Amino acid sequence: MQRKTKARPTATFKTRYEPPTLDEAIAAAQGLAPDIEGQTEIAASLMGLPTTDVRPAVLQARVTYRPTPQPAFQPTFPVRGPSPMQSVIVERRRPRVIAR
């Protein structure tokens, strides 16, 4: 005997599209392109605006944006001098043989 399944209503999902703000688009463009023209084009395409509207904001952000220098590599474990001799055991495993 089969169970009766309940009819489930089909839901329709709407995807909400929010273009980035001007500051977000410029920050993304500065990370992707080193030159002003490239940054202007990327920011304008992200926002869906003409490049003439975005260019003054990119130039203003270029003056205020200064990338922080990356720190040198800092290991998370303490580094000591030459370590004493340590023994390492290496075991060889035999390959599996499939019996027929």
# chains A, B, ... in the order shown; residues from 1 in each chain; ligands from 1

call {"tool": "residues_around", "arguments": {"residues": "segment 36-43 of chain A", "least_positions_apart": "2", "cutoff": "7 Å", "atoms": "only C-alpha atoms", "output": "list of chain:residue names"}}
result
A:Ala25, A:Ile26, A:Ala29, A:Gln30, A:Ala33, A:Pro34, A:Ser45, A:Leu46, A:Met47, A:Thr51, A:Val54, A:Arg55, A:Val58
